[in-house]
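Trainee: What follows is the file start_11.cif, containing mmCIF, C-alpha atoms:
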data_entry
loop_
_atom_site.label_atom_id
_atom_site.label_comp_id
_atom_site.auth_asym_id
_atom_site.auth_seq_id
_atom_site.Cartn_x
_atom_site.Cartn_y
_atom_site.Cartn_z
CA MET Q 252 105.42 124.45 82.64
CA GLN Q 253 107.17 126.18 85.54
CA ILE Q 254 106.16 124.56 88.82
CA GLU Q 255 106.02 128.04 90.41
CA LEU Q 256 102.89 128.73 88.38
CA LEU Q 257 101.08 125.84 90.07
CA ASP Q 258 102.37 126.82 93.51
CA THR Q 259 101.08 130.36 93.03
CA PHE Q 260 97.74 129.19 91.66
CA LEU Q 261 97.14 126.75 94.53
CA ASP Q 262 98.11 129.33 97.16
CA LEU Q 263 95.78 131.90 95.61
CA ILE Q 264 92.97 129.35 95.61
CA GLU Q 265 93.47 129.12 99.38
CA THR Q 266 93.95 132.82 100.22
CA ARG Q 267 91.68 134.41 97.57
CA ASN Q 268 93.94 137.44 97.95
CA PHE Q 269 96.85 138.44 95.68
CA ASN Q 270 98.65 140.44 98.38
CA ARG Q 271 98.39 137.64 100.95
CA THR Q 272 99.69 135.07 98.46
CA ALA Q 273 102.60 137.39 97.66
CA ASP Q 274 103.45 137.63 101.38
CA ARG Q 275 103.19 133.88 101.90
CA LEU Q 276 105.38 133.06 98.90
CA GLY Q 277 107.87 135.86 99.54
CA ILE Q 278 107.33 137.51 96.16
CA THR Q 279 105.75 140.75 94.93
CA GLN Q 280 102.08 141.17 94.14
CA SER Q 281 102.99 141.93 90.51
CA THR Q 282 104.84 138.60 90.30
CA VAL Q 283 101.73 136.80 91.53
CA SER Q 284 99.69 138.56 88.85
CA SER Q 285 102.17 137.78 86.08
CA ARG Q 286 102.32 134.07 87.07
CA ILE Q 287 98.54 133.79 87.03
CA ARG Q 288 98.40 135.54 83.63
CA ALA Q 289 101.05 133.14 82.32
CA LEU Q 290 99.06 130.13 83.53
CA GLU Q 291 95.87 131.54 82.02
CA GLY Q 292 97.75 132.04 78.76
CA LEU Q 293 98.88 128.42 78.71
CA LEU Q 294 95.34 127.17 79.35
CA GLY Q 295 93.48 129.75 77.29
CA LYS Q 296 91.04 130.32 80.18
CA GLN Q 297 90.54 132.95 82.86
CA LEU Q 298 91.15 131.39 86.27
CA PHE Q 299 90.23 134.21 88.68
CA ILE Q 300 87.87 137.17 88.79
CA ARG Q 301 89.10 140.21 90.73
CA SER Q 302 86.62 142.73 92.10
CA LYS Q 303 86.25 145.19 94.96
CA SER Q 304 84.79 142.42 97.10
CA GLY Q 305 87.81 140.15 96.58
CA THR Q 306 89.23 137.44 94.32
CA GLU Q 307 87.18 134.41 93.32
CA PRO Q 308 88.09 131.46 91.06
CA THR Q 309 86.15 130.96 87.85
CA VAL Q 310 84.59 127.63 86.92
CA ALA Q 311 87.77 126.86 84.97
CA GLY Q 312 89.85 127.76 88.02
CA LEU Q 313 87.87 125.44 90.28
CA ARG Q 314 88.19 122.58 87.80
CA LEU Q 315 91.94 123.07 87.60
CA VAL Q 316 92.47 122.65 91.37
CA GLU Q 317 92.42 118.84 91.45
CA TYR Q 318 94.70 118.54 88.42
CA ALA Q 319 97.11 121.17 89.77
CA ARG Q 320 97.44 119.30 93.07
CA ALA Q 321 98.03 116.03 91.23
CA LEU Q 322 100.69 117.64 89.03
CA ARG Q 323 102.34 119.19 92.09
CA LEU Q 324 102.36 115.85 93.89
CA GLY Q 325 103.76 114.11 90.82
CA TRP Q 326 106.55 116.66 90.57
CA SER Q 327 107.41 116.22 94.27
CA ASP Q 328 107.49 112.45 93.85
CA ALA Q 329 109.69 112.76 90.77
CA ARG Q 330 112.15 115.04 92.57
CA ARG Q 331 112.33 112.69 95.53
CA GLU Q 332 112.94 109.68 93.30
CA ILE Q 333 115.57 111.38 91.16
CA GLN Q 334 117.42 112.96 94.09
CA GLY Q 335 117.50 109.61 95.85
CA VAL Q 336 119.28 107.86 92.98
CA GLY Q 337 122.57 106.56 94.33
CA LYS Q 338 121.52 106.94 97.97
CA PHE Q 339 118.80 104.29 98.11
CA GLU Q 340 117.96 101.25 96.02
CA ASN Q 341 114.24 101.47 96.69
CA HIS Q 342 111.58 103.84 98.02
CA ILE Q 343 108.32 102.91 99.70
CA ARG Q 344 105.41 105.06 100.89
CA ILE Q 345 103.50 103.85 103.93
CA GLY Q 346 100.23 105.11 105.38
CA ILE Q 347 99.39 104.56 109.06
CA HIS Q 348 96.17 105.26 110.94
CA PRO Q 349 96.59 108.17 113.45
CA ASP Q 350 95.86 105.95 116.44
CA VAL Q 351 98.30 103.22 115.40
CA TYR Q 352 101.40 105.07 114.21
CA GLN Q 353 103.22 105.12 117.56
CA ARG Q 354 102.71 101.39 118.01
CA VAL Q 355 103.94 100.70 114.48
CA LEU Q 356 106.89 103.08 114.31
CA GLN Q 357 108.31 102.38 117.77
CA GLY Q 358 110.14 99.16 116.88
CA TRP Q 359 109.37 98.50 113.24
CA LEU Q 360 111.00 101.59 111.74
CA GLU Q 361 114.23 100.94 113.64
CA TRP Q 362 114.23 97.35 112.36
CA VAL Q 363 113.83 98.64 108.79
CA ARG Q 364 116.73 101.09 109.15
CA VAL Q 365 119.04 98.38 110.50
CA THR Q 366 118.10 95.48 108.22
CA MET Q 367 117.17 97.37 105.03
CA PRO Q 368 119.50 100.41 104.96
CA LYS Q 369 119.04 100.93 101.22
CA LEU Q 370 115.26 101.37 101.59
CA ALA Q 371 113.93 104.94 101.93
CA ILE Q 372 110.55 105.23 103.68
CA TYR Q 373 107.97 108.00 103.51
CA VAL Q 374 105.36 107.82 106.31
CA GLU Q 375 101.90 109.35 105.89
CA VAL Q 376 99.48 109.47 108.84
CA ASP Q 377 95.91 109.32 107.54
CA TYR Q 378 92.52 107.67 107.89
CA SER Q 379 91.48 104.33 106.39
CA ASN Q 380 89.23 105.58 103.56
CA GLN Q 381 91.84 107.98 102.20
CA MET Q 382 94.67 105.45 102.50
CA ILE Q 383 92.71 102.87 100.51
CA GLN Q 384 92.14 105.43 97.76
CA ASP Q 385 95.85 106.28 97.79
CA LEU Q 386 96.77 102.59 97.53
CA THR Q 387 94.47 102.29 94.53
CA THR Q 388 96.06 105.26 92.73
CA GLY Q 389 99.60 104.23 93.68
CA SER Q 390 100.23 107.23 95.97
CA LEU Q 391 100.85 104.71 98.79
CA ASP Q 392 102.51 101.29 98.66
CA LEU Q 393 101.44 99.90 102.04
CA ALA Q 394 98.97 100.89 104.75
CA VAL Q 395 98.18 99.97 108.35
CA LEU Q 396 94.54 100.68 109.14
CA TYR Q 397 91.42 99.86 111.12
CA SER Q 398 88.70 99.59 108.49
CA PRO Q 399 89.31 97.62 105.27
CA GLN Q 400 87.08 98.21 102.26
CA HIS Q 401 86.63 95.31 99.92
CA TYR Q 402 87.90 96.60 96.60
CA PRO Q 403 88.69 93.81 94.12
CA ASP Q 404 92.38 94.81 93.74
CA MET Q 405 93.12 95.28 97.45
CA HIS Q 406 94.73 92.64 99.68
CA TYR Q 407 94.22 92.80 103.46
CA GLU Q 408 95.74 90.83 106.29
CA GLN Q 409 95.02 91.10 110.00
CA ILE Q 410 98.31 91.81 111.73
CA ALA Q 411 97.30 92.64 115.31
CA GLN Q 412 94.48 93.29 117.74
CA GLU Q 413 93.87 96.69 119.29
CA ARG Q 414 92.19 96.87 122.70
CA PHE Q 415 90.33 99.97 123.82
CA VAL Q 416 89.88 100.75 127.50
CA MET Q 417 87.46 103.19 129.12
CA VAL Q 418 89.34 105.66 131.31
CA SER Q 419 88.09 108.51 133.46
CA THR Q 420 89.51 111.51 135.28
CA ARG Q 421 86.59 111.30 137.73
CA GLY Q 422 87.42 108.06 139.56
CA VAL Q 423 83.99 106.60 138.87
CA SER Q 424 82.54 103.18 138.18
CA LEU Q 425 80.60 102.52 134.98
CA LYS Q 426 77.33 103.39 136.74
CA GLY Q 427 78.76 106.82 137.54
CA VAL Q 428 79.58 107.69 133.92
CA VAL Q 429 77.02 110.18 132.57
CA PRO Q 430 76.53 111.21 128.92
CA SER Q 431 77.05 114.91 129.72
CA ASP Q 432 80.61 114.16 130.90
CA TYR Q 433 81.43 111.52 128.27
CA ILE Q 434 83.72 111.99 125.26
CA ARG Q 435 82.40 109.72 122.52
CA ALA Q 436 85.30 108.31 120.47
CA HIS Q 437 84.69 107.25 116.85
CA TYR Q 438 87.78 105.25 115.92
CA SER Q 439 86.13 103.23 113.14
CA VAL Q 440 82.83 101.82 111.95
CA LEU Q 441 83.54 98.52 113.70
CA PHE Q 442 84.39 100.30 116.96
CA GLY Q 443 81.19 102.32 116.65
CA ARG Q 444 79.06 99.20 116.25
CA ALA Q 445 80.63 97.52 119.28
CA HIS Q 446 80.21 100.66 121.36
CA LYS Q 447 76.54 101.02 120.41
CA GLN Q 448 75.86 97.40 121.29
CA MET Q 449 77.69 97.48 124.64
CA LEU Q 450 76.94 101.02 125.81
CA PRO Q 451 73.81 102.37 124.08
CA GLU Q 452 73.19 104.77 126.98
CA LEU Q 453 76.43 106.64 126.11
CA GLU Q 454 75.82 107.06 122.39
CA ASP Q 455 74.52 110.61 122.53
CA GLY Q 456 77.12 112.58 124.46
CA PRO Q 457 77.70 116.29 123.70
CA VAL Q 458 81.31 115.82 122.57
CA SER Q 459 82.64 113.30 120.04
CA THR Q 460 85.78 112.92 117.96
CA GLY Q 461 87.43 110.41 115.66
CA HIS Q 462 91.01 111.29 116.64
CA GLY Q 463 92.75 109.63 119.58
CA GLY Q 464 95.02 112.63 120.11
CA ALA Q 465 91.96 114.86 120.48
CA VAL Q 466 90.47 112.45 123.03
CA VAL Q 467 93.65 112.65 125.14
CA TYR Q 468 93.74 116.44 124.82
CA LEU Q 469 90.16 116.73 126.06
CA LEU Q 470 90.77 114.37 128.96
CA LYS Q 471 93.82 116.36 130.05
CA ASN Q 472 92.26 119.80 129.64
CA GLN Q 473 88.62 119.43 130.57
CA GLY Q 474 88.41 115.99 132.18
CA GLY Q 475 85.78 113.36 131.63
CA THR Q 476 85.52 109.76 130.49
CA ALA Q 477 86.42 108.16 127.17
CA PHE Q 478 87.79 105.08 125.40
CA VAL Q 479 91.50 105.06 124.54
CA THR Q 480 93.91 102.32 123.50
CA GLU Q 481 95.53 100.17 126.19
CA ALA Q 482 98.90 101.82 125.55
CA VAL Q 483 97.43 105.31 125.97
CA ALA Q 484 95.53 104.20 129.08
CA LYS Q 485 98.82 103.12 130.70
CA VAL Q 486 100.45 106.47 129.92
CA LEU Q 487 97.49 108.43 131.29
CA SER Q 488 97.57 106.33 134.46
CA LEU Q 489 101.32 106.87 134.95
CA GLU Q 490 100.85 110.61 134.43
CA GLY Q 491 98.07 110.67 137.00
CA VAL Q 492 95.59 112.00 134.46
CA ALA Q 493 93.03 109.20 134.27
CA GLU Q 494 92.43 105.67 135.50
CA PRO Q 495 90.59 102.75 133.86
CA VAL Q 496 86.92 102.46 134.77
CA PRO Q 497 87.13 99.06 136.53
CA ASP Q 498 83.79 97.54 135.54
CA ALA Q 499 83.59 98.97 131.99
CA PRO Q 500 83.70 96.59 129.01
CA ARG Q 501 86.75 96.56 126.75
CA ILE Q 502 86.43 96.81 123.00
CA SER Q 503 88.74 94.70 120.82
CA HIS Q 504 89.46 95.80 117.27
CA PRO Q 505 91.57 94.18 114.52
CA ILE Q 506 94.42 96.07 112.87
CA TYR Q 507 94.99 95.32 109.18
CA SER Q 508 97.74 95.76 106.67
CA ALA Q 509 96.70 96.66 103.15
CA VAL Q 510 98.52 96.47 99.82
CA HIS Q 511 97.39 96.63 96.23
CA VAL Q 512 97.54 93.26 94.49
CA ARG Q 513 100.28 94.60 92.21
CA ASN Q 514 102.56 94.63 95.29
CA LYS Q 515 101.24 91.49 97.00
CA HIS Q 516 104.17 89.31 95.90
CA SER Q 517 106.88 91.95 96.20
CA HIS Q 518 109.86 90.65 98.21
CA THR Q 519 110.26 94.03 99.93
CA HIS Q 520 106.60 94.21 100.91
CA ALA Q 521 106.68 90.63 102.19
CA ARG Q 522 109.66 91.36 104.48
CA LEU Q 523 108.11 94.55 105.79
CA LEU Q 524 104.76 92.92 106.51
CA LYS Q 525 106.29 89.89 108.22
CA GLU Q 526 108.24 92.05 110.67
CA LEU Q 527 105.32 94.43 111.11
CA LYS Q 528 103.12 91.54 112.19
CA LEU Q 529 105.74 90.31 114.70
CA ILE Q 530 106.24 93.74 116.26
CA THR Q 531 102.57 94.73 116.55
CA GLU Q 532 101.30 91.41 117.93
#
Now that the file is in, can you turn its structure into structure tokens?

Mentor:
Amino acid sequence: MQIELLDTFLDLIETRNFNRTADRLGITQSTVSSRIRALEGLLGKQLFIRSKSGTEPTVAGLRLVEYARALRLGWSDARREIQGVGKFENHIRIGIHPDVYQRVLQGWLEWVRVTMPKLAIYVEVDYSNQMIQDLTTGSLDLAVLYSPQHYPDMHYEQIAQERFVMVSTRGVSLKGVVPSDYIRAHYSVLFGRAHKQMLPELEDGPVSTGHGGAVVYLLKNQGGTAFVTEAVAKVLSLEGVAEPVPDAPRISHPIYSAVHVRNKHSHTHARLLKELKLITE
């Protein structure tokens, strides 16, 4: 099968418009139509219904989406592996939680490049649940995350401790923090439990987000009060954006590494994890 057929199909699933897919892929509308017909011919099923109101996938088209994405990912992985032959002796795919990646990559990636020059690394920034699924399927080899899930074939190890600090652009004490001006961060289930226990009066604010970058954006652009990591709190203080709320509690949270048991005794994984633990402590 030509990979262009899958690319065209997946783009059309997103746009639901033959002309828009043609523009996005830099091809003609007739080429889009011929590729879809070719794919339908291979499968023996109609994938889209075109009408005056637009283009909609059939039941067969909707069922194909997951398999098409998997095939596309597999092809990309195969190309990367084959093209890397001769350049690198090994490849590894690493997932990192969005609020940890700067801490991890700052010193660890440079150490890898110096001490393991024949190792090629792909970095994926994602959330814990998805990374664990990707470890299970083999799409990732190693992950750094907040919330482990106890699957029988998954091995976790605590590698560091994250500390979250309440900061505010208002220059207030804890008593002066009001729910209407509070940005409720949802970094993980464990963080949420600690927050609810320590600060139940701030559970029901009007704005909440699970992404640290979004918390910083909101603090900088609309002001308010929120929990951020210690490292982020220092940056915000240096920039004159926000200061720690002096009498607010701090929330500690473990950071874990995760590998599938099939990689637990890998020499490469062991070296990477050992240095990762030293750098993030």

Trainee: The PyMOL selection byres ((chain Q and resi 382) around 10) - which residues does that actually catch in the file I just gave you? List them as a short mmCIF file (atom, residue, chain, number, x, y, z; two decimals) with C-alpha atoms, in the coordinates of the input.

Mentor:
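In the end it all went to result.cif:
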data_model
loop_
_atom_site.label_atom_id
_atom_site.label_comp_id
_atom_site.auth_asym_id
_atom_site.auth_seq_id
_atom_site.Cartn_x
_atom_site.Cartn_y
_atom_site.Cartn_z
CA ILE Q 345 103.50 103.85 103.93
CA GLY Q 346 100.23 105.11 105.38
CA ILE Q 347 99.39 104.56 109.06
CA HIS Q 348 96.17 105.26 110.94
CA GLU Q 375 101.90 109.35 105.89
CA VAL Q 376 99.48 109.47 108.84
CA ASP Q 377 95.91 109.32 107.54
CA TYR Q 378 92.52 107.67 107.89
CA SER Q 379 91.48 104.33 106.39
CA ASN Q 380 89.23 105.58 103.56
CA GLN Q 381 91.84 107.98 102.20
CA ILE Q 383 92.71 102.87 100.51
CA GLN Q 384 92.14 105.43 97.76
CA ASP Q 385 95.85 106.28 97.79
CA LEU Q 386 96.77 102.59 97.53
CA THR Q 387 94.47 102.29 94.53
CA THR Q 388 96.06 105.26 92.73
CA SER Q 390 100.23 107.23 95.97
CA LEU Q 391 100.85 104.71 98.79
CA ASP Q 392 102.51 101.29 98.66
CA LEU Q 393 101.44 99.90 102.04
CA ALA Q 394 98.97 100.89 104.75
CA VAL Q 395 98.18 99.97 108.35
CA LEU Q 396 94.54 100.68 109.14
CA PRO Q 399 89.31 97.62 105.27
CA ALA Q 509 96.70 96.66 103.15
#

Trainee: Could you list the residues chosen by the PyMOL selection byres ((chain Q and resi 462-466) around 8) in this structure as a PyMOL selection string?

Mentor: chain Q and resi 349-350+434+436-438+460-461+467-470+477+479

Trainee: Those residues with C-alpha atoms, as a compact mmCIF listing (two decimals), in the frame of the given file please?

Mentor:
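And here's selection.txt as it stands now:
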# COMPACT_ATOMS: atom_id res chain seq x y z
CA PRO Q 349 96.59 108.17 113.45
CA ASP Q 350 95.86 105.95 116.44
CA ILE Q 434 83.72 111.99 125.26
CA ALA Q 436 85.30 108.31 120.47
CA HIS Q 437 84.69 107.25 116.85
CA TYR Q 438 87.78 105.25 115.92
CA THR Q 460 85.78 112.92 117.96
CA GLY Q 461 87.43 110.41 115.66
CA VAL Q 467 93.65 112.65 125.14
CA TYR Q 468 93.74 116.44 124.82
CA LEU Q 469 90.16 116.73 126.06
CA LEU Q 470 90.77 114.37 128.96
CA ALA Q 477 86.42 108.16 127.17
CA VAL Q 479 91.50 105.06 124.54

Trainee: Would you please work out which residue, of Q:Leu529, Q:Leu441, Q:Ile264, Q:Val351, is nearest to Pro308 (chain Q) when using all atoms listed in the file?

Mentor: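 Ranked by minimum distance to Pro308 (chain Q), first place goes to Q:Ile264.
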
Trainee: Counting all atoms listed in the file, which of Q:Val418, Q:Ile410, Q:Ala484, Q:Ala493 gets nearest to Pro505 (chain Q)?

Mentor: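 Ranking Q:Val418, Q:Ile410, Q:Ala484, Q:Ala493 by distance to Pro505 (chain Q), first place goes to Q:Ile410.
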
Trainee: When you count all atoms listed in the file, which of these residues is closest to Leu322 (chain Q): Q:Leu524, Q:Val363, Q:Leu256, Q:Leu453?

Mentor: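 Between Q:Leu524, Q:Val363, Q:Leu256, Q:Leu453, the residue approaching Leu322 (chain Q) most closely is Q:Leu256.
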
Trainee: How many Å separate CA of Asp274 (chain Q) from CA of Asp328 (chain Q)?

Mentor: 26.6 Å

Trainee: Convert the output of the PyMOL selection byres ((chain Q and resi 457) around 12) on the shown file into explicit residues, formatted as a short mmCIF file (atom, residue, chain, number, x, y, z; two decimals) with C-alpha atoms, in the frame of the given file.

Mentor:
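Contents of selection-v9.cif, freshly written:
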data_model
loop_
_atom_site.label_atom_id
_atom_site.label_comp_id
_atom_site.auth_asym_id
_atom_site.auth_seq_id
_atom_site.Cartn_x
_atom_site.Cartn_y
_atom_site.Cartn_z
CA VAL Q 429 77.02 110.18 132.57
CA PRO Q 430 76.53 111.21 128.92
CA SER Q 431 77.05 114.91 129.72
CA ASP Q 432 80.61 114.16 130.90
CA TYR Q 433 81.43 111.52 128.27
CA ILE Q 434 83.72 111.99 125.26
CA ARG Q 435 82.40 109.72 122.52
CA ALA Q 436 85.30 108.31 120.47
CA LEU Q 453 76.43 106.64 126.11
CA GLU Q 454 75.82 107.06 122.39
CA ASP Q 455 74.52 110.61 122.53
CA GLY Q 456 77.12 112.58 124.46
CA VAL Q 458 81.31 115.82 122.57
CA SER Q 459 82.64 113.30 120.04
CA THR Q 460 85.78 112.92 117.96
CA GLY Q 475 85.78 113.36 131.63
#

Trainee: Using all atoms listed in the file for the distances, tell me which of Q:Met405, Q:Gly443, Q:Gly474, Q:Pro495 is nearest to Ser424 (chain Q).

Mentor: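 Comparing Q:Met405, Q:Gly443, Q:Gly474, Q:Pro495 against Ser424 (chain Q), the winner is Q:Pro495.
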
Trainee: Closest to Leu425 (chain Q) among Q:Ile530, Q:Ile372, Q:Leu293, Q:Met449, using all atoms listed in the file?

Mentor: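 Selected residue with least distance to Leu425 (chain Q): Q:Met449.
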
Trainee: Excluding region 302-307 of chain Q and its own-chain neighbours fewer than 6 positions away, which residues fall within 9 Å of it when counting all atoms listed in the file? Please give them as an MDAnalysis selection string.

Mentor: chainID Q and resid 263:264 266:269

Trainee: May I ask which of the residues Q:Gly312, Q:Leu489, Q:Tyr407, Q:Arg330 is the closest one to Val512 (chain Q), counting only C-alpha atoms?

Mentor: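 Using only C-alpha atoms, Val512 (chain Q) sits closest to Q:Tyr407.
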
Trainee: One decimal, in Å: what's the spacing between CA of Glu481 (chain Q) and CA of Leu523 (chain Q)?

Mentor: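 We find that CA of Glu481 (chain Q) and CA of Leu523 (chain Q) lie 24.6 Å from each other.
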
Trainee: Go ahead and compute the interatomic distance for CA of Val316 (chain Q) and CA of Ser285 (chain Q), in Å to one decimal.

Mentor: 18.7 Å

Trainee: Would you pick out the contacts of Thr309 (chain Q) at 9 Å or less, using only C-alpha atoms, so that residues sharing its chain but fewer than 2 positions from it are not included, and give the list as a PyMOL selection string?

Mentor: chain Q and resi 297-300+307+311-314

Trainee: Just C-alpha atoms for this one: save the residues we selected as a PDB file, keeping the file's coordinate frame.

Mentor:
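Result file again09.pdb:
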ATOM      1  CA  GLN Q 297      90.540 132.950  82.860  1.00  0.00           C
ATOM      2  CA  LEU Q 298      91.150 131.390  86.270  1.00  0.00           C
ATOM      3  CA  PHE Q 299      90.230 134.210  88.680  1.00  0.00           C
ATOM      4  CA  ILE Q 300      87.870 137.170  88.790  1.00  0.00           C
ATOM      5  CA  GLU Q 307      87.180 134.410  93.320  1.00  0.00           C
ATOM      6  CA  ALA Q 311      87.770 126.860  84.970  1.00  0.00           C
ATOM      7  CA  GLY Q 312      89.850 127.760  88.020  1.00  0.00           C
ATOM      8  CA  LEU Q 313      87.870 125.440  90.280  1.00  0.00           C
ATOM      9  CA  ARG Q 314      88.190 122.580  87.800  1.00  0.00           C
TER      10      ARG Q 314
END
